[in-house]
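Participant: See work_13.cif below, with mmCIF, C-alpha atoms (C1' of nucleotides).
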data_target
loop_
_atom_site.label_atom_id
_atom_site.label_comp_id
_atom_site.auth_asym_id
_atom_site.auth_seq_id
_atom_site.Cartn_x
_atom_site.Cartn_y
_atom_site.Cartn_z
CA MET A 13 54.76 -4.57 12.77
CA PRO A 14 52.88 -7.88 13.33
CA ALA A 15 54.77 -11.06 14.12
CA ARG A 16 55.60 -12.88 10.91
CA ARG A 17 56.45 -16.40 10.10
CA ALA A 18 60.09 -16.71 9.16
CA ASP A 19 59.34 -18.02 5.66
CA ALA A 20 56.99 -15.10 5.04
CA ARG A 21 59.68 -12.62 6.00
CA ARG A 22 62.16 -14.33 3.69
CA ASN A 23 59.63 -14.23 0.87
CA VAL A 24 59.02 -10.49 1.31
CA GLY A 25 62.76 -9.91 1.14
CA LYS A 26 63.15 -11.97 -2.01
CA LEU A 27 60.13 -10.27 -3.60
CA LEU A 28 61.57 -6.83 -2.91
CA ASP A 29 64.93 -7.79 -4.40
CA ALA A 30 63.27 -9.18 -7.50
CA ALA A 31 60.95 -6.16 -7.82
CA ASP A 32 63.86 -3.75 -7.49
CA ALA A 33 65.69 -5.50 -10.32
CA ALA A 34 62.56 -5.60 -12.51
CA PHE A 35 61.64 -1.95 -11.87
CA ARG A 36 65.19 -0.87 -12.68
CA ASP A 37 65.13 -2.81 -15.93
CA HIS A 38 61.57 -2.19 -17.09
CA GLY A 39 60.22 0.67 -14.99
CA THR A 40 57.46 0.71 -12.39
CA GLY A 41 55.09 -0.91 -14.91
CA ALA A 42 57.10 -4.14 -15.10
CA PRO A 43 55.02 -7.37 -15.23
CA LEU A 44 54.48 -8.79 -11.74
CA GLU A 45 54.41 -12.51 -12.54
CA PRO A 46 58.11 -12.65 -13.53
CA ILE A 47 58.92 -10.84 -10.28
CA ALA A 48 57.18 -13.56 -8.26
CA ARG A 49 58.84 -16.29 -10.31
CA ARG A 50 62.26 -14.69 -9.90
CA ALA A 51 61.64 -14.54 -6.15
CA GLY A 52 60.77 -18.24 -6.19
CA VAL A 53 57.15 -17.81 -5.04
CA ALA A 54 53.73 -18.04 -6.69
CA ILE A 55 51.98 -14.92 -7.95
CA GLY A 56 49.39 -15.21 -5.19
CA THR A 57 52.13 -14.76 -2.59
CA LEU A 58 53.12 -11.44 -4.13
CA TYR A 59 49.51 -10.25 -3.96
CA GLY A 60 49.21 -11.59 -0.43
CA HIS A 61 51.98 -9.27 0.73
CA PHE A 62 51.36 -6.34 -1.62
CA PRO A 63 47.74 -5.75 -2.66
CA ASN A 64 48.79 -3.57 -5.59
CA ARG A 65 51.70 -2.05 -7.43
CA ARG A 66 51.82 1.08 -5.27
CA ALA A 67 52.09 -0.96 -2.08
CA LEU A 68 55.03 -2.79 -3.61
CA ALA A 69 56.65 0.48 -4.66
CA ARG A 70 56.12 1.96 -1.22
CA ALA A 71 57.95 -0.91 0.46
CA LEU A 72 60.67 -0.76 -2.15
CA LEU A 73 61.22 2.97 -1.59
CA ARG A 74 61.05 2.95 2.22
CA GLU A 75 64.79 3.20 2.97
CA ARG A 76 65.49 5.43 0.02
CA HIS A 77 62.74 7.85 1.03
CA ASP A 78 63.93 7.97 4.62
CA ALA A 79 67.41 8.88 3.40
CA LEU A 80 65.91 11.59 1.20
CA PHE A 81 63.90 13.07 4.07
CA ALA A 82 67.02 13.11 6.25
CA ARG A 83 68.85 14.89 3.46
CA GLY A 84 66.08 17.49 3.31
CA ASP A 85 66.27 18.08 7.05
CA ARG A 86 70.02 18.58 6.89
CA LEU A 87 69.69 20.99 3.97
CA ALA A 88 67.46 23.18 6.13
CA GLU A 89 70.67 24.19 7.98
CA ASP A 90 72.54 25.23 4.83
CA PRO A 91 72.47 28.58 3.00
CA PRO A 92 68.86 28.89 1.71
CA GLY A 93 69.40 29.42 -2.03
CA PRO A 94 71.89 26.60 -2.68
CA ALA A 95 69.99 24.37 -0.23
CA LEU A 96 66.80 24.69 -2.27
CA ALA A 97 68.66 23.98 -5.49
CA ALA A 98 70.37 20.95 -3.95
CA TRP A 99 67.02 19.62 -2.70
CA ILE A 100 65.41 19.89 -6.11
CA ARG A 101 68.33 18.07 -7.69
CA ALA A 102 68.21 15.37 -5.02
CA VAL A 103 64.49 14.70 -5.48
CA ALA A 104 64.77 14.71 -9.27
CA GLU A 105 67.62 12.24 -9.09
CA HIS A 106 65.70 10.02 -6.70
CA ALA A 107 62.51 10.01 -8.78
CA ALA A 108 64.47 8.66 -11.71
CA VAL A 109 65.70 5.40 -10.12
CA TYR A 110 62.79 3.65 -11.84
CA GLY A 111 61.19 4.64 -15.11
CA GLY A 112 57.65 5.81 -14.44
CA LEU A 113 58.36 6.73 -10.82
CA ALA A 114 58.03 10.45 -11.51
CA GLU A 115 54.44 9.89 -12.72
CA MET A 116 53.72 7.63 -9.78
CA LEU A 117 54.92 10.20 -7.25
CA ALA A 118 53.10 13.07 -8.96
CA ALA A 119 49.89 11.01 -8.85
CA GLY A 120 50.54 9.98 -5.24
CA LEU A 121 50.60 13.58 -4.11
CA ASP A 122 47.12 14.25 -5.49
CA ASP A 123 45.54 10.93 -4.50
CA GLU A 124 45.02 10.69 -0.74
CA ALA A 125 44.11 7.02 -1.05
CA SER A 126 47.47 6.18 -2.62
CA GLU A 127 49.88 4.10 -0.59
CA LEU A 128 52.52 6.62 -1.63
CA HIS A 129 50.57 9.66 -0.49
CA ASP A 130 52.25 10.06 2.91
CA ASP A 131 55.71 9.93 1.41
CA CYS A 132 54.75 12.38 -1.32
CA ALA A 133 53.20 14.76 1.21
CA ARG A 134 56.40 14.69 3.22
CA MET A 135 58.49 15.54 0.19
CA SER A 136 56.08 18.35 -0.55
CA ALA A 137 56.32 19.67 3.01
CA LEU A 138 60.11 19.69 2.86
CA THR A 139 59.92 21.58 -0.43
CA ASP A 140 57.63 24.16 1.18
CA ARG A 141 59.98 24.58 4.08
CA LEU A 142 63.12 24.99 1.97
CA LEU A 143 61.34 27.38 -0.38
CA ALA A 144 60.04 29.50 2.52
CA ARG A 145 63.57 29.84 3.85
CA ALA A 146 64.83 30.83 0.42
CA HIS A 147 62.07 33.43 0.13
CA ALA A 148 62.86 34.83 3.58
CA ALA A 149 66.49 35.20 2.56
CA GLY A 150 65.55 36.85 -0.73
CA ALA A 151 67.29 34.05 -2.59
CA VAL A 152 64.34 33.28 -4.92
CA ARG A 153 62.25 35.53 -7.12
CA PRO A 154 59.11 36.49 -5.18
CA GLU A 155 56.63 35.02 -7.70
CA VAL A 156 58.02 31.48 -7.40
CA THR A 157 55.51 29.18 -5.70
CA SER A 158 55.82 25.80 -4.08
CA SER A 159 53.88 24.30 -7.01
CA ASP A 160 56.42 25.78 -9.40
CA VAL A 161 59.21 24.01 -7.55
CA LEU A 162 57.35 20.68 -7.40
CA THR A 163 56.52 20.92 -11.09
CA LEU A 164 60.14 21.57 -11.98
CA THR A 165 61.22 18.67 -9.82
CA THR A 166 58.86 16.17 -11.42
CA ALA A 167 59.55 17.44 -14.91
CA ALA A 168 63.29 17.04 -14.32
CA ALA A 169 62.75 13.56 -12.88
CA TRP A 170 60.76 12.57 -15.94
CA THR A 171 63.47 13.95 -18.22
CA ARG A 172 66.12 12.11 -16.29
CA ALA A 173 64.59 8.78 -17.30
CA GLN A 174 65.60 9.67 -20.86
CA SER A 175 68.84 11.55 -20.29
CA ALA A 176 70.40 12.45 -16.96
CA ALA A 177 72.65 15.06 -18.56
CA GLN A 178 69.72 16.84 -20.23
CA ALA A 179 67.76 16.80 -16.97
CA ASP A 180 70.67 18.53 -15.24
CA ARG A 181 70.80 21.17 -17.94
CA LEU A 182 67.04 21.73 -17.68
CA LEU A 183 67.51 22.30 -13.96
CA ASP A 184 70.39 24.70 -14.62
CA HIS A 185 68.27 26.86 -16.90
CA ALA A 186 65.07 26.75 -14.84
CA LEU A 187 66.85 27.42 -11.56
CA ARG A 188 68.63 30.39 -13.13
CA GLY A 189 65.17 31.70 -13.97
CA MET A 190 63.83 31.04 -10.48
CA LEU A 191 66.63 32.15 -8.19
CA ALA A 192 66.97 35.86 -7.44
CA PRO A 193 68.82 37.78 -10.17
CA MET B 13 48.08 7.75 -52.62
CA PRO B 14 46.75 4.46 -54.10
CA ALA B 15 43.20 4.22 -55.41
CA ARG B 16 40.89 3.15 -52.59
CA ARG B 17 37.55 1.59 -52.52
CA ALA B 18 34.94 4.04 -51.32
CA ASP B 19 33.96 1.94 -48.31
CA ALA B 20 37.61 1.67 -47.28
CA ARG B 21 37.99 5.43 -47.38
CA ARG B 22 34.88 5.89 -45.29
CA ASN B 23 36.17 3.36 -42.77
CA VAL B 24 39.48 5.16 -42.43
CA GLY B 25 37.62 8.39 -41.74
CA LYS B 26 35.42 6.81 -39.12
CA LEU B 27 38.41 5.11 -37.50
CA LEU B 28 40.29 8.40 -37.26
CA ASP B 29 37.29 10.14 -35.69
CA ALA B 30 36.87 7.35 -33.15
CA ALA B 31 40.61 7.24 -32.41
CA ASP B 32 40.73 11.00 -31.87
CA ALA B 33 37.92 10.79 -29.34
CA ALA B 34 39.51 7.81 -27.56
CA PHE B 35 43.00 9.37 -27.46
CA ARG B 36 41.56 12.60 -26.07
CA ASP B 37 39.72 10.72 -23.35
CA HIS B 38 42.25 8.05 -22.45
CA GLY B 39 45.57 9.13 -23.98
CA THR B 40 47.60 7.53 -26.76
CA GLY B 41 47.51 4.20 -24.94
CA ALA B 42 43.73 3.84 -25.27
CA PRO B 43 42.46 0.30 -26.08
CA LEU B 44 42.10 -0.21 -29.84
CA GLU B 45 39.16 -2.61 -29.91
CA PRO B 46 36.65 -0.02 -28.61
CA ILE B 47 37.94 2.38 -31.28
CA ALA B 48 37.14 -0.13 -34.02
CA ARG B 49 33.74 -0.87 -32.48
CA ARG B 50 32.92 2.82 -32.18
CA ALA B 51 33.85 3.23 -35.85
CA GLY B 52 31.51 0.37 -36.73
CA VAL B 53 34.21 -1.96 -38.08
CA ALA B 54 35.94 -5.12 -36.89
CA ILE B 55 39.29 -4.92 -35.14
CA GLY B 56 40.99 -6.52 -38.14
CA THR B 57 39.97 -3.58 -40.28
CA LEU B 58 41.75 -1.19 -37.96
CA TYR B 59 44.93 -3.27 -38.21
CA GLY B 60 44.47 -3.52 -41.96
CA HIS B 61 44.71 0.26 -42.27
CA PHE B 62 47.10 0.99 -39.42
CA PRO B 63 49.67 -1.73 -38.65
CA ASN B 64 50.38 -0.24 -35.23
CA ARG B 65 49.55 2.52 -32.81
CA ARG B 66 52.17 4.90 -34.18
CA ALA B 67 50.77 4.61 -37.71
CA LEU B 68 47.36 5.51 -36.33
CA ALA B 69 48.80 8.46 -34.41
CA ARG B 70 50.68 9.66 -37.47
CA ALA B 71 47.50 9.76 -39.56
CA LEU B 72 45.65 11.42 -36.71
CA LEU B 73 48.28 14.15 -36.36
CA ARG B 74 48.82 14.85 -40.07
CA GLU B 75 46.78 18.07 -40.35
CA ARG B 76 47.75 19.28 -36.93
CA HIS B 77 51.43 18.78 -37.65
CA ASP B 78 51.22 20.55 -40.99
CA ALA B 79 49.64 23.53 -39.25
CA LEU B 80 52.42 23.47 -36.65
CA PHE B 81 55.14 23.40 -39.31
CA ALA B 82 53.49 26.32 -41.10
CA ARG B 83 53.44 28.20 -37.81
CA GLY B 84 57.15 27.52 -37.38
CA ASP B 85 57.91 28.82 -40.85
CA ARG B 86 55.98 32.02 -40.19
CA LEU B 87 57.73 32.54 -36.86
CA ALA B 88 61.06 32.55 -38.71
CA GLU B 89 60.09 36.03 -39.94
CA ASP B 90 59.37 37.43 -36.46
CA PRO B 91 61.85 38.95 -33.96
CA PRO B 92 64.16 36.04 -33.01
CA GLY B 93 63.81 35.94 -29.21
CA PRO B 94 60.01 36.11 -28.95
CA ALA B 95 59.70 33.83 -32.00
CA LEU B 96 61.70 31.09 -30.28
CA ALA B 97 59.62 31.42 -27.12
CA ALA B 98 56.38 31.32 -29.11
CA TRP B 99 57.56 28.21 -30.97
CA ILE B 100 58.39 26.37 -27.76
CA ARG B 101 54.98 27.22 -26.33
CA ALA B 102 53.24 26.13 -29.53
CA VAL B 103 54.96 22.74 -29.62
CA ALA B 104 54.37 22.15 -25.92
CA GLU B 105 50.71 22.95 -26.34
CA HIS B 106 50.44 20.68 -29.36
CA ALA B 107 52.15 17.72 -27.69
CA ALA B 108 49.55 17.83 -24.94
CA VAL B 109 46.43 17.22 -27.07
CA TYR B 110 46.67 13.56 -26.11
CA GLY B 111 48.06 12.17 -22.88
CA GLY B 112 51.22 10.23 -23.63
CA LEU B 113 51.91 12.12 -26.86
CA ALA B 114 54.94 13.89 -25.39
CA GLU B 115 56.57 10.51 -24.73
CA MET B 116 55.59 9.24 -28.16
CA LEU B 117 57.14 12.24 -29.91
CA ALA B 118 60.29 12.13 -27.80
CA ALA B 119 60.69 8.45 -28.69
CA GLY B 120 59.88 9.12 -32.35
CA LEU B 121 62.79 11.53 -32.66
CA ASP B 122 65.31 8.91 -31.51
CA ASP B 123 63.81 5.95 -33.37
CA GLU B 124 64.37 6.20 -37.12
CA ALA B 125 62.02 3.28 -37.74
CA SER B 126 59.13 5.07 -36.05
CA GLU B 127 56.23 6.17 -38.24
CA LEU B 128 56.47 9.49 -36.39
CA HIS B 129 60.18 10.00 -37.04
CA ASP B 130 59.83 12.27 -40.06
CA ASP B 131 57.43 14.59 -38.28
CA CYS B 132 59.64 14.68 -35.19
CA ALA B 133 62.72 15.40 -37.28
CA ARG B 134 60.94 18.31 -38.92
CA MET B 135 59.96 19.78 -35.56
CA SER B 136 63.55 19.38 -34.47
CA ALA B 137 64.82 21.10 -37.63
CA LEU B 138 62.48 24.05 -37.06
CA THR B 139 63.72 24.28 -33.49
CA ASP B 140 67.32 24.35 -34.71
CA ARG B 141 66.53 27.08 -37.19
CA LEU B 142 64.69 29.31 -34.73
CA LEU B 143 67.38 28.81 -32.12
CA ALA B 144 70.15 29.64 -34.58
CA ARG B 145 68.38 32.90 -35.44
CA ALA B 146 68.02 33.73 -31.76
CA HIS B 147 71.71 33.04 -31.19
CA ALA B 148 72.71 35.20 -34.14
CA ALA B 149 70.65 38.05 -32.69
CA GLY B 150 72.15 37.55 -29.22
CA ALA B 151 68.66 36.86 -27.85
CA VAL B 152 69.63 33.61 -26.09
CA ARG B 153 72.42 32.80 -23.68
CA PRO B 154 75.33 31.33 -25.69
CA GLU B 155 75.42 28.00 -23.82
CA VAL B 156 71.84 27.07 -24.74
CA THR B 157 71.77 24.14 -27.17
CA SER B 158 69.11 22.77 -29.45
CA SER B 159 68.82 19.75 -27.16
CA ASP B 160 68.15 22.08 -24.24
CA VAL B 161 65.25 23.62 -26.12
CA LEU B 162 63.81 20.25 -27.20
CA THR B 163 64.12 18.93 -23.66
CA LEU B 164 62.28 21.93 -22.26
CA THR B 165 59.58 21.57 -24.89
CA THR B 166 58.92 17.90 -24.14
CA ALA B 167 59.10 18.41 -20.39
CA ALA B 168 56.55 21.22 -20.65
CA ALA B 169 54.31 19.09 -22.88
CA TRP B 170 54.44 16.28 -20.34
CA THR B 171 53.61 18.70 -17.52
CA ARG B 172 50.75 20.12 -19.52
CA ALA B 173 48.98 16.76 -19.44
CA GLN B 174 48.66 17.29 -15.68
CA SER B 175 48.21 21.04 -15.46
CA ALA B 176 48.31 23.52 -18.33
CA ALA B 177 48.80 26.45 -15.96
CA GLN B 178 51.80 24.83 -14.27
CA ALA B 179 53.32 23.99 -17.66
CA ASP B 180 53.08 27.66 -18.63
CA ARG B 181 54.78 28.72 -15.42
CA LEU B 182 57.55 26.17 -15.97
CA LEU B 183 58.11 27.68 -19.40
CA ASP B 184 58.13 31.19 -17.90
CA HIS B 185 60.88 30.31 -15.45
CA ALA B 186 62.98 28.19 -17.82
CA LEU B 187 62.77 30.70 -20.66
CA ARG B 188 63.82 33.47 -18.30
CA GLY B 189 66.88 31.35 -17.56
CA MET B 190 67.58 30.68 -21.24
CA LEU B 191 66.99 34.03 -22.92
CA ALA B 192 69.75 36.62 -22.80
CA PRO B 193 69.84 38.58 -19.52
"C1'" DA C 4 40.76 -5.26 -52.49
"C1'" DC C 5 38.91 -5.21 -48.32
"C1'" DC C 6 36.43 -6.91 -44.27
"C1'" DT C 7 35.15 -10.18 -40.50
"C1'" DG C 8 35.75 -12.21 -36.12
"C1'" DA C 9 37.55 -16.32 -34.04
"C1'" DA C 10 41.89 -17.62 -32.16
"C1'" DC C 11 46.06 -17.07 -29.75
"C1'" DA C 12 49.23 -14.85 -26.56
"C1'" DC C 13 50.00 -12.21 -22.57
"C1'" DC C 14 49.25 -10.16 -18.21
"C1'" DG C 15 46.64 -8.52 -13.93
"C1'" DT C 16 43.97 -10.22 -10.22
"C1'" DT C 17 41.21 -13.39 -7.36
"C1'" DC C 18 40.26 -17.25 -4.57
"C1'" DA C 19 39.40 -22.19 -3.29
"C1'" DA C 20 42.25 -25.63 -1.70
"C1'" DG C 21 46.26 -27.04 0.59
"C1'" DT C 22 50.10 -27.07 4.29
"C1'" DA D 3 49.20 -17.89 8.98
"C1'" DC D 4 50.75 -18.35 4.72
"C1'" DC D 5 51.33 -20.37 0.15
"C1'" DT D 6 49.92 -22.42 -4.36
"C1'" DG D 7 48.41 -22.16 -8.99
"C1'" DA D 8 44.29 -22.71 -11.66
"C1'" DA D 9 40.77 -19.69 -13.26
"C1'" DC D 10 38.87 -15.56 -15.01
"C1'" DA D 11 38.98 -11.08 -17.29
"C1'" DC D 12 40.99 -8.07 -20.51
"C1'" DC D 13 43.49 -6.52 -24.36
"C1'" DG D 14 46.87 -6.65 -28.45
"C1'" DT D 15 47.63 -8.93 -32.68
"C1'" DT D 16 47.20 -12.34 -36.44
"C1'" DC D 17 45.12 -14.75 -40.11
"C1'" DA D 18 41.95 -18.03 -42.53
"C1'" DA D 19 37.70 -17.47 -44.55
"C1'" DG D 20 34.39 -14.69 -46.73
"C1'" DT D 21 32.47 -10.90 -49.94
#
Before we go any further, please render this structure as structure tokens.

Facilitator:
Amino acid sequence: MPARRADARRNVGKLLDAADAAFRDHGTGAPLEPIARRAGVAIGTLYGHFPNRRALARALLRERHDALFARGDRLAEDPPGPALAAWIRAVAEHAAVYGGLAEMLAAGLDDEASELHDDCARMSALTDRLLARAHAAGAVRPEVTSSDVLTLTTAAAWTRAQSAAQADRLLDHALRGMLAP
Amino acid sequence: MPARRADARRNVGKLLDAADAAFRDHGTGAPLEPIARRAGVAIGTLYGHFPNRRALARALLRERHDALFARGDRLAEDPPGPALAAWIRAVAEHAAVYGGLAEMLAAGLDDEASELHDDCARMSALTDRLLARAHAAGAVRPEVTSSDVLTLTTAAAWTRAQSAAQADRLLDHALRGMLAP
DNA sequence: ACCTGAACACCGTTCAAGT
DNA sequence: ACCTGAACACCGTTCAAGT
């Protein structure tokens, strides 16, 4: 972390607050100029701190992602089957804070150049780990792969942007089909 | 169908061909000006025939939707459980011809003013009918609702835009959780 | 009855000039 | 070291003028 001028640090804080509000209201595709205006800075200042939308999202998700990773680590101590289910639900719920975030995270996993790639890879690694435990305990059907779990998670996150209740029901059905009979 | 000047009819045909190619390549959000140019007409001509993107999509999907509805009607004669599963797979496959179509159809079902509403309502009605048959035959778990089925269908269609194979596997797992044990 | 394309609005992004 | 905001590019949409 380089030394920053105090006004610059304040501006970053105000930009993140404004971006959070805008992303909540209009999704991750929200216009950037109103965000800068709402933060009381010029549009160039926003670009000076965040070269693109993904960099802004990454900063915005920092704390939230760290909390999610901690949750994943804790779940690795719980009974394998329910722990995997709880993890999937937690990620799906997280990826629905902003409309369009599910797409952004799915893309970030594939694109190594994405500012979100590291975070996505970490989520993926936690999924692998929790799934491997569930397999070892015989809690999941043997044919279920890590990709299957990630796909379900993103699909549920995308659904959640339309209806949280329906996303939960989709998870109920799909998990019933994935967990051991 | 009002009488049309021959050149107007030709233009509509060329616009639909160009739009189909553009939607396939860049999804339903593809820029409209290149579509008009590719069709050899001015942008105003496109707007003259199709007041908005949904109207263009509706025209583009006409034949395809009619074929889908016919498929649904035929499936209503088949064994209820497999028929429902086949219908879900057919709709999911259809809604993935263009990127972004899954979202468009999901929105069209809720929005009565949408040019796509009628088509979406008909898909929904066919889903209801096939699900009711499956329930009557005891082929589906009793708690499965029509919304559950529509949600799964759209989620699978959305997934399909990224990976067809993963979408199929999602359907495998979710259907296993929805069909009677 | 239909077509043209200039015109306007809007937004993302850059960068020269300023402090 | 950071900020400003004009400038440019791009695209959706409208509409007066033309055939």

Participant: Ranking C:DG15, C:DA20, C:DA4, C:DA9 by minimum distance to chain A and counting only C-alpha atoms (C1' of nucleotides), which one comes first?

Facilitator: C:DG15

Participant: Enumerate, as a VMD selection string, the residues matched when the PyMOL selection byres ((chain C) within 9 of (chain B)) is run on the file above.

Facilitator: chain C and resid 4 to 8

Participant: For chain B, list the residues within 12 Å of chain A, counting all atoms listed in the file, and write the list as number ranges by chain.

Facilitator: B: 112, 114-115, 118-119, 122, 152-153, 155-193

Participant: Between A:Ala67, A:Ala88, A:Ala98, A:Ala48, single out the one closest to A:Asp131, counting all atoms listed in the file.

Facilitator: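 Checking each candidate against A:Asp131, we get A:Ala67 as the closest.
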
Participant: Enter the distance from atom CA of B:Leu68 to atom CA of B:Ala31, in Å, rounded to one decimal.

Facilitator: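 Rounded to one decimal, the two atoms are 8.0 Å apart.
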
Participant: The PyMOL selection byres ((chain B and resi 123-130) around 10) - which residues does that actually catch in the file I just gave you? List them as a list of chain:residue names.

Facilitator: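 Taken over the shown coordinates, the PyMOL selection byres ((chain B and resi 123-130) around 10) returns B:Asn64, B:Arg65, B:Arg66, B:Ala67, B:Leu68, B:Ala69, B:Arg70, B:Ala71, B:Leu73, B:Met116, B:Leu117, B:Ala118, B:Ala119, B:Gly120, B:Leu121, B:Asp122, B:Asp131, B:Cys132, B:Ala133, B:Arg134, B:Met135, B:Ser136.
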
Participant: For the structure shown, which residues end up in the PyMOL selection byres ((chain B and resi 111) around 7)? Put them as a list of chain:residue names, please?

Facilitator: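 Expected selection for the PyMOL selection byres ((chain B and resi 111) around 7) here is B:Gly39, B:Thr40, B:Ala108, B:Val109, B:Tyr110, B:Gly112, B:Leu113, B:Ala173.
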
Participant: Choose the residue, out of A:Glu45, A:Asp37, A:Asp140, A:Asp32, that has the smallest atom-to-atom separation from A:Arg76; count only C-alpha atoms.

Facilitator: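 Looking only at the distances to A:Arg76, the closest residue turns out to be A:Asp32.
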
Participant: In Å, with one decimal, what is the gap from atom CA of B:His61 to atom CA of B:Arg21?

Facilitator: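 Atom CA of B:Arg21 lies at a distance of 9.9 Å from atom CA of B:His61.
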
Participant: For atom CA of B:Ala107 and atom CA of B:Ala95, quote the distance in Å rounded to one decimal.

Facilitator: 18.3 Å

Participant: Could you give me, as a ChimeraX atom specification, the residues within 9 Å of B:Ala102, counting all atoms listed in the file and dropping anything in the same chain fewer than 4 positions from it?

Facilitator: /B:80,83-84,97-98,106-107

Participant: Pick out the residues sitting within 10 Å of A:Asp85, and hand them over as a list in words; count only C-alpha atoms (C1' of nucleotides), and ignore anything fewer than 6 positions along from it in its own chain.

Facilitator: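 The neighbour list is Ala79, Trp99, Leu138, Arg141 and Leu142 of chain A.
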
Participant: Give me stretch 100-113 of chain A with N, CA, C and O atoms filled in, as a tab-separated table (two decimals), keeping the file's coordinate frame.

Facilitator:
chain	number	residue	atom	x	y	z
A	100	ILE	N	66.09	20.19	-4.84
A	100	ILE	CA	65.41	19.89	-6.11
A	100	ILE	C	66.20	18.85	-6.90
A	100	ILE	O	65.64	17.88	-7.42
A	101	ARG	N	67.50	19.03	-6.95
A	101	ARG	CA	68.33	18.07	-7.69
A	101	ARG	C	68.27	16.69	-7.04
A	101	ARG	O	68.24	15.66	-7.72
A	102	ALA	N	68.25	16.66	-5.72
A	102	ALA	CA	68.21	15.37	-5.02
A	102	ALA	C	66.90	14.63	-5.29
A	102	ALA	O	66.90	13.42	-5.56
A	103	VAL	N	65.78	15.35	-5.23
A	103	VAL	CA	64.49	14.70	-5.48
A	103	VAL	C	64.39	14.23	-6.92
A	103	VAL	O	63.95	13.11	-7.20
A	104	ALA	N	64.84	15.09	-7.85
A	104	ALA	CA	64.77	14.71	-9.27
A	104	ALA	C	65.62	13.47	-9.52
A	104	ALA	O	65.22	12.57	-10.27
A	105	GLU	N	66.77	13.41	-8.89
A	105	GLU	CA	67.62	12.24	-9.09
A	105	GLU	C	66.96	11.00	-8.50
A	105	GLU	O	66.96	9.93	-9.11
A	106	HIS	N	66.38	11.16	-7.33
A	106	HIS	CA	65.70	10.02	-6.70
A	106	HIS	C	64.56	9.50	-7.56
A	106	HIS	O	64.44	8.29	-7.80
A	107	ALA	N	63.72	10.41	-8.04
A	107	ALA	CA	62.51	10.01	-8.78
A	107	ALA	C	62.83	9.39	-10.13
A	107	ALA	O	61.92	9.06	-10.88
A	108	ALA	N	64.10	9.25	-10.43
A	108	ALA	CA	64.47	8.66	-11.71
A	108	ALA	C	65.12	7.29	-11.53
A	108	ALA	O	65.61	6.72	-12.50
A	109	VAL	N	65.13	6.75	-10.30
A	109	VAL	CA	65.70	5.40	-10.12
A	109	VAL	C	64.94	4.38	-10.95
A	109	VAL	O	65.51	3.44	-11.48
A	110	TYR	N	63.62	4.55	-11.03
A	110	TYR	CA	62.79	3.65	-11.84
A	110	TYR	C	62.06	4.47	-12.89
A	110	TYR	O	61.52	5.53	-12.57
A	111	GLY	N	62.02	4.01	-14.09
A	111	GLY	CA	61.19	4.64	-15.11
A	111	GLY	C	59.74	4.62	-14.66
A	111	GLY	O	59.26	3.62	-14.14
A	112	GLY	N	59.06	5.74	-14.83
A	112	GLY	CA	57.65	5.81	-14.44
A	112	GLY	C	57.43	6.24	-13.01
A	112	GLY	O	56.30	6.51	-12.60
A	113	LEU	N	58.52	6.34	-12.22
A	113	LEU	CA	58.36	6.73	-10.82
A	113	LEU	C	57.92	8.18	-10.68
A	113	LEU	O	57.13	8.52	-9.80
